[in-house]
>>> print(open('protein_33.tsv').read())   # TSV, C-alpha atoms
chain	number	residue	atom	x	y	z
A	1	MET	CA	89.88	-2.83	-13.16
A	2	ASP	CA	90.71	-6.40	-14.23
A	3	LEU	CA	93.10	-8.71	-12.44
A	4	HIS	CA	93.63	-12.31	-13.59
A	5	GLY	CA	90.06	-12.67	-14.80
A	6	ILE	CA	88.51	-10.87	-11.82
A	7	HIS	CA	86.93	-7.49	-12.41
A	8	PHE	CA	86.62	-4.88	-9.62
A	9	ALA	CA	83.67	-2.52	-9.93
A	10	ASN	CA	84.97	-0.14	-7.19
A	11	PRO	CA	88.77	-0.51	-7.37
A	12	THR	CA	89.41	2.59	-5.21
A	13	TRP	CA	88.93	0.47	-2.10
A	14	LEU	CA	91.98	-1.60	-3.09
A	15	LEU	CA	94.18	1.36	-2.12
A	16	GLY	CA	93.41	0.48	1.48
A	17	LEU	CA	95.38	-2.75	1.04
A	18	LEU	CA	98.52	-0.67	0.57
A	19	ALA	CA	98.06	0.84	4.00
A	20	LEU	CA	97.73	-2.51	5.80
A	21	PRO	CA	101.49	-3.36	5.91
A	22	PHE	CA	102.27	0.04	7.47
A	23	ALA	CA	99.47	-0.42	9.98
A	24	GLY	CA	100.85	-3.85	10.83
A	25	LEU	CA	104.34	-2.48	11.45
A	26	ALA	CA	102.93	0.27	13.65
A	27	VAL	CA	101.03	-2.25	15.77
A	28	TYR	CA	104.14	-4.42	16.08
A	29	PHE	CA	106.40	-1.60	17.29
A	30	LEU	CA	103.77	-0.37	19.74
A	31	SER	CA	103.52	-3.88	21.12
A	32	GLN	CA	107.30	-4.09	21.51
A	33	ALA	CA	107.41	-0.76	23.31
A	34	LYS	CA	104.70	-1.94	25.69
A	35	HIS	CA	106.59	-5.13	26.60
A	36	LYS	CA	109.78	-3.17	27.38
A	37	ASN	CA	107.94	-1.48	30.24
A	38	PHE	CA	107.81	-4.80	32.18
A	39	PHE	CA	110.27	-4.61	35.15
A	40	LEU	CA	108.78	-7.41	37.19
A	41	GLY	CA	107.80	-10.94	36.37
A	42	ASN	CA	109.26	-14.12	35.06
A	43	PRO	CA	111.90	-13.24	32.43
A	44	GLN	CA	111.03	-16.38	30.45
A	45	LEU	CA	107.35	-15.42	30.23
A	46	VAL	CA	108.21	-11.83	29.33
A	47	GLY	CA	110.46	-13.14	26.55
A	48	GLU	CA	107.66	-15.29	25.19
A	49	VAL	CA	105.31	-12.31	25.11
A	50	SER	CA	107.82	-10.18	23.19
A	51	ASN	CA	108.71	-13.03	20.78
A	52	PRO	CA	107.34	-12.17	17.31
A	53	LEU	CA	106.63	-15.90	16.73
A	54	SER	CA	104.45	-16.17	19.81
A	55	VAL	CA	100.89	-17.51	19.43
A	56	GLN	CA	99.74	-14.16	20.78
A	57	VAL	CA	100.34	-12.65	17.33
A	58	ILE	CA	97.68	-14.91	15.77
A	59	PRO	CA	94.64	-12.69	16.65
A	60	PRO	CA	96.17	-9.46	15.29
A	61	VAL	CA	97.25	-11.21	12.08
A	62	LEU	CA	93.78	-12.69	11.60
A	63	ARG	CA	92.22	-9.27	12.21
A	64	PHE	CA	94.38	-7.78	9.48
A	65	ILE	CA	93.30	-10.56	7.13
A	66	VAL	CA	89.66	-9.85	8.04
A	67	LEU	CA	90.20	-6.17	7.25
A	68	ALA	CA	91.83	-7.06	3.91
A	69	LEU	CA	88.89	-9.28	2.99
A	70	CYS	CA	86.46	-6.48	3.84
A	71	LEU	CA	88.38	-4.08	1.61
A	72	LEU	CA	88.30	-6.61	-1.22
A	73	ALA	CA	84.55	-7.06	-0.76
A	74	ALA	CA	84.04	-3.27	-0.82
A	75	ALA	CA	85.88	-3.20	-4.18
A	76	ARG	CA	83.12	-5.47	-5.54
A	77	PRO	CA	85.06	-8.29	-7.21
A	78	GLN	CA	83.22	-9.79	-10.18
A	79	ALA	CA	83.85	-12.72	-12.49
A	80	GLY	CA	82.55	-13.33	-15.99
A	81	GLN	CA	82.90	-12.25	-19.60
A	82	LYS	CA	83.68	-8.72	-20.69
A	83	LYS	CA	81.66	-6.68	-23.18
A	84	VAL	CA	82.30	-8.00	-26.68
A	85	GLU	CA	81.76	-6.12	-29.94
A	86	GLU	CA	81.56	-7.93	-33.24
A	87	LYS	CA	80.35	-7.25	-36.75
A	88	LYS	CA	77.93	-9.55	-38.53
A	89	PRO	CA	75.38	-9.23	-41.34
A	90	VAL	CA	71.85	-8.70	-40.01
A	91	THR	CA	68.78	-8.60	-42.27
A	92	ASP	CA	65.02	-9.07	-41.99
A	93	LEU	CA	63.88	-10.71	-45.23
A	94	PHE	CA	60.24	-11.45	-46.01
A	95	VAL	CA	59.51	-13.66	-49.01
A	96	ALA	CA	56.31	-13.04	-51.02
A	97	PHE	CA	55.76	-16.36	-52.83
A	98	ASP	CA	53.30	-16.58	-55.73
A	99	VAL	CA	51.10	-19.71	-55.58
A	100	SER	CA	48.69	-18.82	-58.37
A	101	SER	CA	47.73	-21.64	-60.73
A	102	SER	CA	50.09	-20.39	-63.47
A	103	MET	CA	53.05	-21.40	-61.24
A	104	LEU	CA	52.38	-24.98	-62.40
A	105	THR	CA	53.81	-24.10	-65.84
A	106	ASN	CA	56.75	-26.36	-66.63
A	107	ASP	CA	59.24	-24.05	-68.35
A	108	LEU	CA	61.18	-24.38	-65.08
A	109	LYS	CA	61.64	-28.02	-64.16
A	110	PRO	CA	59.60	-29.83	-63.05
A	111	ASN	CA	57.44	-26.69	-62.79
A	112	ARG	CA	57.77	-23.12	-61.57
A	113	VAL	CA	56.48	-23.61	-58.04
A	114	THR	CA	58.52	-26.75	-57.35
A	115	ALA	CA	61.69	-25.25	-58.79
A	116	ALA	CA	61.19	-22.08	-56.77
A	117	LYS	CA	60.67	-24.06	-53.55
A	118	LYS	CA	63.82	-26.12	-54.14
A	119	VAL	CA	66.11	-23.20	-54.99
A	120	LEU	CA	64.68	-21.04	-52.19
A	121	SER	CA	65.29	-23.86	-49.70
A	122	GLU	CA	68.93	-24.06	-50.84
A	123	PHE	CA	69.15	-20.27	-50.49
A	124	LEU	CA	67.98	-20.52	-46.85
A	125	ASP	CA	70.77	-23.02	-46.13
A	126	LYS	CA	73.40	-20.50	-47.24
A	127	ILE	CA	72.33	-17.31	-45.48
A	128	GLU	CA	73.39	-16.53	-41.91
A	129	ASN	CA	72.25	-14.06	-39.25
A	130	VAL	CA	69.04	-13.37	-41.13
A	131	ARG	CA	65.45	-13.45	-39.92
A	132	VAL	CA	63.18	-14.80	-42.64
A	133	GLY	CA	59.40	-14.72	-43.03
A	134	LEU	CA	57.17	-16.21	-45.71
A	135	THR	CA	53.92	-14.95	-47.25
A	136	VAL	CA	52.13	-16.95	-49.95
A	137	PHE	CA	49.69	-15.24	-52.26
A	138	ALA	CA	47.46	-15.60	-55.28
A	139	GLY	CA	44.24	-13.57	-55.27
A	140	VAL	CA	44.71	-13.10	-51.51
A	141	SER	CA	47.70	-13.28	-49.18
A	142	PHE	CA	48.46	-15.54	-46.24
A	143	THR	CA	51.42	-15.43	-43.83
A	144	GLN	CA	52.89	-18.91	-43.92
A	145	CYS	CA	55.69	-18.10	-41.46
A	146	PRO	CA	56.45	-14.99	-39.37
A	147	LEU	CA	60.00	-13.66	-38.98
A	148	THR	CA	62.31	-16.24	-37.46
A	149	THR	CA	65.99	-17.20	-37.44
A	150	ASP	CA	65.10	-20.91	-37.42
A	151	MET	CA	65.67	-21.83	-41.05
A	152	ASP	CA	64.52	-25.41	-40.46
A	153	VAL	CA	61.08	-24.12	-39.52
A	154	VAL	CA	60.94	-21.86	-42.59
A	155	LYS	CA	62.00	-24.71	-44.86
A	156	LYS	CA	59.43	-27.07	-43.38
A	157	LEU	CA	56.62	-24.56	-43.88
A	158	LEU	CA	57.92	-23.80	-47.37
A	159	SER	CA	57.75	-27.49	-48.27
A	160	ASN	CA	54.04	-27.44	-47.40
A	161	VAL	CA	53.32	-24.64	-49.89
A	162	GLU	CA	51.15	-25.80	-52.78
A	163	ILE	CA	49.03	-24.34	-55.53
A	164	GLY	CA	45.67	-23.76	-53.94
A	165	SER	CA	47.19	-22.93	-50.53
A	166	VAL	CA	45.16	-19.73	-50.62
A	167	LYS	CA	41.79	-18.88	-52.09
A	168	ILE	CA	41.30	-17.37	-55.56
A	169	GLU	CA	44.24	-19.26	-57.06
A	170	ASN	CA	43.56	-18.00	-60.60
A	171	ALA	CA	44.50	-14.39	-59.73
A	172	THR	CA	47.65	-12.53	-58.68
A	173	ALA	CA	47.43	-9.71	-56.13
A	174	ILE	CA	51.00	-8.43	-55.94
A	175	GLY	CA	50.15	-5.16	-54.20
A	176	ASP	CA	48.24	-6.89	-51.39
A	177	ALA	CA	51.10	-9.35	-50.91
A	178	LEU	CA	53.65	-6.55	-50.57
A	179	VAL	CA	51.50	-4.74	-47.98
A	180	SER	CA	51.13	-7.99	-46.03
A	181	CYS	CA	54.92	-8.38	-45.94
A	182	LEU	CA	55.41	-4.74	-44.91
A	183	ASN	CA	52.99	-5.12	-42.02
A	184	ARG	CA	54.76	-8.26	-40.84
A	185	LEU	CA	58.15	-6.57	-41.07
A	186	GLN	CA	56.88	-3.66	-38.99
A	187	THR	CA	55.28	-5.94	-36.40
A	188	GLY	CA	58.40	-8.08	-36.12
A	189	SER	CA	60.89	-5.18	-35.88
A	190	GLY	CA	60.50	-4.87	-32.10
A	191	LYS	CA	58.87	-1.43	-31.97
A	192	THR	CA	56.80	-0.46	-28.97
A	193	GLN	CA	53.09	0.19	-29.19
A	194	ASN	CA	53.67	3.91	-28.80
A	195	SER	CA	55.92	4.04	-31.80
A	196	MET	CA	53.38	2.05	-33.77
A	197	ASN	CA	50.69	4.57	-32.92
A	198	THR	CA	52.79	7.39	-34.35
A	199	THR	CA	53.09	5.61	-37.72
A	200	PRO	CA	50.70	7.04	-40.32
A	201	SER	CA	48.23	4.63	-41.85
A	202	LEU	CA	48.67	3.15	-45.28
A	203	VAL	CA	45.88	5.35	-46.58
A	204	SER	CA	47.68	8.52	-45.51
A	205	LYS	CA	50.78	7.41	-47.36
A	206	LEU	CA	48.80	6.94	-50.53
A	207	PHE	CA	47.93	10.62	-50.40
A	208	ASP	CA	51.58	11.67	-50.18
A	209	VAL	CA	51.53	12.45	-46.46
A	210	LYS	CA	55.17	12.94	-45.59
A	211	GLN	CA	56.76	10.71	-43.02
A	212	GLU	CA	60.29	10.59	-41.72
A	213	VAL	CA	62.02	7.29	-42.28
A	214	GLU	CA	62.57	5.53	-38.98
A	215	GLU	CA	66.12	5.51	-37.77
A	216	ASN	CA	68.12	3.10	-35.64
A	217	LYS	CA	66.30	0.02	-36.87
A	218	PRO	CA	67.94	-3.08	-35.44
A	219	ASN	CA	68.04	-4.79	-38.82
A	220	THR	CA	68.00	-3.85	-42.47
A	221	GLN	CA	64.77	-4.98	-44.10
A	222	ALA	CA	63.90	-6.32	-47.54
A	223	ILE	CA	61.15	-8.14	-49.42
A	224	LEU	CA	61.84	-10.90	-51.93
A	225	LEU	CA	58.96	-11.00	-54.42
A	226	MET	CA	58.72	-14.20	-56.48
A	227	THR	CA	55.94	-14.15	-59.08
A	228	ASP	CA	55.29	-15.31	-62.64
A	229	GLY	CA	52.61	-12.86	-63.69
A	230	GLY	CA	51.34	-9.32	-63.47
A	231	ASN	CA	49.03	-7.75	-60.93
A	232	ASN	CA	45.42	-8.53	-61.91
A	233	TYR	CA	43.62	-8.58	-58.60
A	234	GLY	CA	43.54	-7.02	-55.13
A	235	ARG	CA	42.84	-3.66	-53.53
A	236	MET	CA	46.38	-2.26	-53.34
A	237	ASP	CA	48.25	-0.96	-56.37
A	238	PRO	CA	51.75	-2.55	-56.47
A	239	LEU	CA	53.45	0.79	-57.17
A	240	ALA	CA	51.69	2.38	-54.21
A	241	ALA	CA	52.90	-0.51	-52.05
A	242	ALA	CA	56.42	0.06	-53.38
A	243	LYS	CA	56.24	3.71	-52.32
A	244	ILE	CA	55.23	2.65	-48.81
A	245	ALA	CA	58.19	0.27	-48.73
A	246	ALA	CA	60.52	3.05	-49.83
A	247	SER	CA	59.21	5.36	-47.09
A	248	ARG	CA	60.07	2.69	-44.52
A	249	GLY	CA	63.49	1.95	-45.95
A	250	VAL	CA	62.44	-1.54	-47.09
A	251	LYS	CA	64.02	-2.73	-50.33
A	252	ILE	CA	62.14	-4.96	-52.75
A	253	TYR	CA	63.87	-7.56	-54.90
A	254	ALA	CA	61.49	-8.81	-57.58
A	255	ILE	CA	61.98	-12.06	-59.51
A	256	GLY	CA	59.92	-12.76	-62.63
A	257	MET	CA	59.50	-16.54	-62.82
A	258	GLY	CA	59.38	-18.24	-66.19
A	259	SER	CA	60.19	-17.39	-69.78
A	260	VAL	CA	59.90	-13.75	-70.85
A	261	ASP	CA	60.56	-14.08	-74.57
A	262	HIS	CA	57.97	-16.69	-75.55
A	263	ARG	CA	54.78	-18.04	-74.06
A	264	VAL	CA	54.44	-21.66	-73.05
A	265	PRO	CA	51.32	-23.81	-72.56
A	266	ALA	CA	49.60	-23.34	-69.22
A	267	LEU	CA	49.09	-26.38	-67.02
A	268	TYR	CA	46.16	-26.85	-64.67
A	269	GLN	CA	45.64	-29.27	-61.84
A	270	LEU	CA	42.45	-31.32	-61.81
A	271	PRO	CA	40.60	-32.08	-58.55
A	272	ASP	CA	42.05	-35.62	-58.60
A	273	GLY	CA	45.59	-34.19	-58.73
A	274	LYS	CA	46.27	-34.93	-62.41
A	275	MET	CA	47.76	-32.24	-64.63
A	276	THR	CA	46.30	-31.12	-67.94
A	277	TYR	CA	46.67	-28.35	-70.51
A	278	GLY	CA	43.87	-25.84	-70.64
A	279	LEU	CA	41.87	-25.33	-73.83
A	280	ASP	CA	40.01	-22.23	-74.91
A	281	GLY	CA	36.60	-22.14	-76.57
A	282	GLY	CA	38.15	-22.87	-79.97
A	283	GLY	CA	39.99	-25.93	-78.72
A	284	ASN	CA	43.37	-24.19	-78.71
A	285	VAL	CA	45.85	-24.71	-75.89
A	286	VAL	CA	45.81	-21.83	-73.43
A	287	MET	CA	49.21	-20.15	-73.13
A	288	ALA	CA	50.57	-18.95	-69.79
A	289	ASP	CA	50.95	-15.19	-69.35
A	290	LEU	CA	54.46	-13.78	-69.25
A	291	ALA	CA	55.79	-12.15	-66.13
A	292	ASP	CA	55.21	-8.40	-66.24
A	293	MET	CA	58.89	-7.42	-66.01
A	294	GLY	CA	58.04	-3.78	-66.67
A	295	LEU	CA	55.95	-3.70	-63.51
A	296	LEU	CA	58.51	-5.65	-61.48
A	297	LYS	CA	61.33	-3.35	-62.56
A	298	GLU	CA	59.34	-0.28	-61.56
A	299	ILE	CA	58.50	-1.80	-58.16
A	300	ALA	CA	62.16	-2.55	-57.54
A	301	ARG	CA	63.26	0.89	-58.73
A	302	ILE	CA	60.86	2.72	-56.40
A	303	ALA	CA	61.83	0.56	-53.41
A	304	GLY	CA	65.58	0.76	-54.05
A	305	GLY	CA	65.97	-2.90	-54.95
A	306	LYS	CA	66.46	-4.77	-58.19
A	307	ALA	CA	64.37	-6.83	-60.62
A	308	TYR	CA	65.44	-10.12	-62.18
A	309	SER	CA	64.15	-12.48	-64.81
A	310	ALA	CA	64.50	-16.20	-64.08
A	311	GLY	CA	63.65	-18.25	-67.14
A	312	ASP	CA	65.28	-21.47	-65.95
A	313	ASN	CA	66.47	-23.20	-62.78
A	314	ASN	CA	70.12	-22.15	-63.04
A	315	THR	CA	69.23	-18.51	-63.59
A	316	LEU	CA	66.92	-18.58	-60.58
A	317	LYS	CA	69.72	-20.00	-58.43
A	318	SER	CA	72.15	-17.32	-59.63
A	319	VAL	CA	69.61	-14.59	-58.90
A	320	LEU	CA	69.11	-15.74	-55.30
A	321	ASP	CA	72.88	-15.99	-54.79
A	322	GLU	CA	73.26	-12.39	-55.94
A	323	ILE	CA	70.47	-11.19	-53.64
A	324	ALA	CA	72.13	-12.95	-50.69
A	325	LYS	CA	75.33	-11.00	-51.37
A	326	LEU	CA	73.50	-7.69	-51.79
A	327	GLU	CA	71.69	-8.07	-48.47
A	328	LYS	CA	74.78	-8.61	-46.33
A	329	ARG	CA	75.34	-5.69	-43.95
A	330	ASP	CA	78.18	-5.25	-41.47
A	331	VAL	CA	76.33	-4.11	-38.37
A	332	SER	CA	78.17	-3.56	-35.10
A	333	VAL	CA	76.57	-5.79	-32.49
A	334	THR	CA	77.42	-5.38	-28.80
A	335	VAL	CA	77.01	-8.40	-26.55
A	336	HIS	CA	76.89	-7.73	-22.80
A	337	TRP	CA	77.61	-10.47	-20.30
A	338	GLU	CA	76.51	-10.07	-16.70
A	339	TYR	CA	79.24	-10.40	-14.08
A	340	GLN	CA	78.93	-12.72	-11.09
A	341	GLU	CA	79.32	-10.79	-7.83
A	342	LEU	CA	82.02	-12.33	-5.59
A	343	ALA	CA	81.88	-9.89	-2.65
A	344	SER	CA	79.70	-12.24	-0.59
A	345	PHE	CA	82.40	-14.93	-0.64
A	346	PHE	CA	84.97	-12.50	0.75
A	347	LEU	CA	82.54	-11.34	3.46
A	348	ILE	CA	81.76	-14.92	4.47
A	349	ALA	CA	85.48	-15.67	4.76
A	350	ALA	CA	85.97	-12.51	6.82
A	351	PHE	CA	83.09	-13.47	9.13
A	352	ILE	CA	84.54	-16.97	9.65
A	353	LEU	CA	87.99	-15.59	10.49
A	354	LEU	CA	86.54	-12.99	12.87
A	355	ALA	CA	84.56	-15.70	14.66
A	356	LEU	CA	87.78	-17.74	14.89
A	357	VAL	CA	89.61	-14.79	16.44
A	358	LEU	CA	86.92	-14.27	19.06
A	359	GLY	CA	86.83	-17.98	19.79
A	360	LEU	CA	90.61	-18.18	20.28
A	361	GLU	CA	90.72	-15.12	22.51
A	362	THR	CA	87.97	-16.44	24.79
A	363	THR	CA	89.28	-20.01	24.97
A	364	ILE	CA	92.82	-21.20	24.19
A	365	LEU	CA	94.65	-17.87	24.08
A	366	ARG	CA	92.88	-16.56	27.15
A	367	THR	CA	95.16	-18.62	29.45
A	368	LEU	CA	98.33	-17.39	27.76
A	369	PRO	CA	100.11	-14.14	28.68
>>> encode(input="protein_33.tsv", output="C-alpha cells")
Amino acid sequence: MDLHGIHFANPTWLLGLLALPFAGLAVYFLSQAKHKNFFLGNPQLVGEVSNPLSVQVIPPVLRFIVLALCLLAAARPQAGQKKVEEKKPVTDLFVAFDVSSSMLTNDLKPNRVTAAKKVLSEFLDKIENVRVGLTVFAGVSFTQCPLTTDMDVVKKLLSNVEIGSVKIENATAIGDALVSCLNRLQTGSGKTQNSMNTTPSLVSKLFDVKQEVEENKPNTQAILLMTDGGNNYGRMDPLAAAKIAASRGVKIYAIGMGSVDHRVPALYQLPDGKMTYGLDGGGNVVMADLADMGLLKEIARIAGGKAYSAGDNNTLKSVLDEIAKLEKRDVSVTVHWEYQELASFFLIAAFILLALVLGLETTILRTLP
C-alpha cells in the first residue's frame, strides 16, 4: 500500500485506526455515565470533571495517539523508490585486434593499425550499455582489457596498442585469438564456479560432444574480429573456434582490413622506428597478403554473425556503425530500490508520549479531580 510516498509493508494493521474513533466515543460516554453518579460534593468541581474540555481528558487522548502510533508502526511504514522496470540494450562485446606486422600497410590511412584504432575509438564513444573487452593478437594472443563498461579505460588501453605488442608479430593466429575472447566472455559473464565446472572443455567440443546452450545469460555476447590476413599460426583452427562460439550463443563479426582486390606493398618497422618496404631475394618489393575473406565469411556464418571487407577508412567506419546497430538488444532490466524502515520513528514518538502521560498523571494532574 502506498500513501503520499510512504509504503506500508503490512497495511492490515491500518484497519485498527478505523476502530479508534469508536473506542474514543465509548470511553467518553462511560466517563459521562460515571460522573452522573456523583450525588455529593462541590457542584463546581463536579462540573469541571464532566466538562469535555477539562485537562483530565489529556491522558486518554494521548493514550489514543500512542495506540495509533503503535498501529502505524506495526503496519511497517517505508520510504524510498519503487521497483522500476526499463528496457535498454545490453551486450558483452570482445574485440580481437590484429597487431601483426602487416597491419602497418598503408592502404588505409595513415596505416591499417592506426586507422583501426581511430575508428574503433570513435565506435566506443557511440555505444551505450555495453561491456567491452580487448584482446590483441599476432602469433599469440594477449588480453589488453577485460570486460568493462568504462569506455575511457578501453580507449586508453587501445591507444597503447602497437605493432609488436605481442610476440611473434609476423604471424596471425586467428583461432587462438577467438578462443581467448571466448574464455574471457565466459569468465566475465558472472557464472558461479559450479556452473563453470559443468561446462565441457574445448577439446570435448572439438569432438562434437553435444552441449546445451546456456540460457538466461544476463547479456548478449559477441566478438568483433579485426584482421588483415588469414590464419597461418596457432594451435586452434578458426572454424573450430567458430563452432565453439556458436555452441555458446556468441556471434562473431569479422572485418577484413585492407584492400581485397589488389595487393599493396608491405611496410616493415625497423628497430629504430623508421618504416621501410620489404624486399625479397630478387630485390622485388614484398606485397602484403590479402585478407582471407573466404575464411572470415565462413567464421561469421558458423557463429551467426557477419563478415565485412574494409578497404578504406570510410568503409571501416560504416562497418562499425552497422555492427553497433545489429548488436542493440531490448532487454528488460529490473532495478530494485531498498525501502527505508520508518517504524522506529513512530515507536519513539509513541514512547515519548506514553512517558509524558505517566509524568502528567503522577505530577500535575495528580492534584486535580
>>> atom_distance(input="protein_33.tsv", atom1="atom CA of Thr135 of chain A", atom2="atom CA of Lys306 of chain A")
19.5 Å
>>> residues_around(input="protein_33.tsv", residues="Leu120 of chain A", least_positions_apart="4", cutoff="12 Å", atoms="only C-alpha atoms", output="VMD selection string")
chain A and resid 95 to 97 112 to 116 124 to 127 132 134 151 154 to 156 158 to 159 224 to 226 255 313 316 to 321 323 to 324
>>> atom_distance(input="protein_33.tsv", atom1="atom CA of Glu322 of chain A", atom2="atom CA of Gly305 of chain A")
12.0 Å
>>> atom_distance(input="protein_33.tsv", atom1="atom CA of Leu14 of chain A", atom2="atom CA of Pro77 of chain A")
10.5 Å
>>> closest_residue(input="protein_33.tsv", among="A:Leu108, A:Leu157, A:Val57, A:Ala79", to="Phe8 of chain A", atoms="all atoms listed in the file")
A:Ala79
>>> closest_residue(input="protein_33.tsv", among="A:Ala245, A:Asp107, A:Ala254, A:Leu358", to="Met287 of chain A", atoms="only C-alpha atoms")
A:Asp107
>>> residues_around(input="protein_33.tsv", residues="Ala23 of chain A", least_positions_apart="2", cutoff="12 Å", atoms="all atoms listed in the file", output="list of chain:residue names")
A:Gly16, A:Leu17, A:Leu18, A:Ala19, A:Leu20, A:Pro21, A:Leu25, A:Ala26, A:Val27, A:Tyr28, A:Phe29, A:Leu30, A:Pro60, A:Val61, A:Arg63, A:Phe64, A:Leu67, A:Ala68
>>> write_last_selection(input="protein_33.tsv", atoms="C-alpha atoms", output="tab-separated table (two decimals), in the coordinates of the input")
chain	number	residue	atom	x	y	z
A	16	GLY	CA	93.41	0.48	1.48
A	17	LEU	CA	95.38	-2.75	1.04
A	18	LEU	CA	98.52	-0.67	0.57
A	19	ALA	CA	98.06	0.84	4.00
A	20	LEU	CA	97.73	-2.51	5.80
A	21	PRO	CA	101.49	-3.36	5.91
A	25	LEU	CA	104.34	-2.48	11.45
A	26	ALA	CA	102.93	0.27	13.65
A	27	VAL	CA	101.03	-2.25	15.77
A	28	TYR	CA	104.14	-4.42	16.08
A	29	PHE	CA	106.40	-1.60	17.29
A	30	LEU	CA	103.77	-0.37	19.74
A	60	PRO	CA	96.17	-9.46	15.29
A	61	VAL	CA	97.25	-11.21	12.08
A	63	ARG	CA	92.22	-9.27	12.21
A	64	PHE	CA	94.38	-7.78	9.48
A	67	LEU	CA	90.20	-6.17	7.25
A	68	ALA	CA	91.83	-7.06	3.91
>>> closest_residue(input="protein_33.tsv", among="A:Met236, A:Ala246, A:Ile65, A:Ile352", to="Gly24 of chain A", atoms="only C-alpha atoms")
A:Ile65
>>> closest_residue(input="protein_33.tsv", among="A:Val119, A:Val161, A:Ala240, A:Ile252", to="Gly175 of chain A", atoms="only C-alpha atoms")
A:Ala240
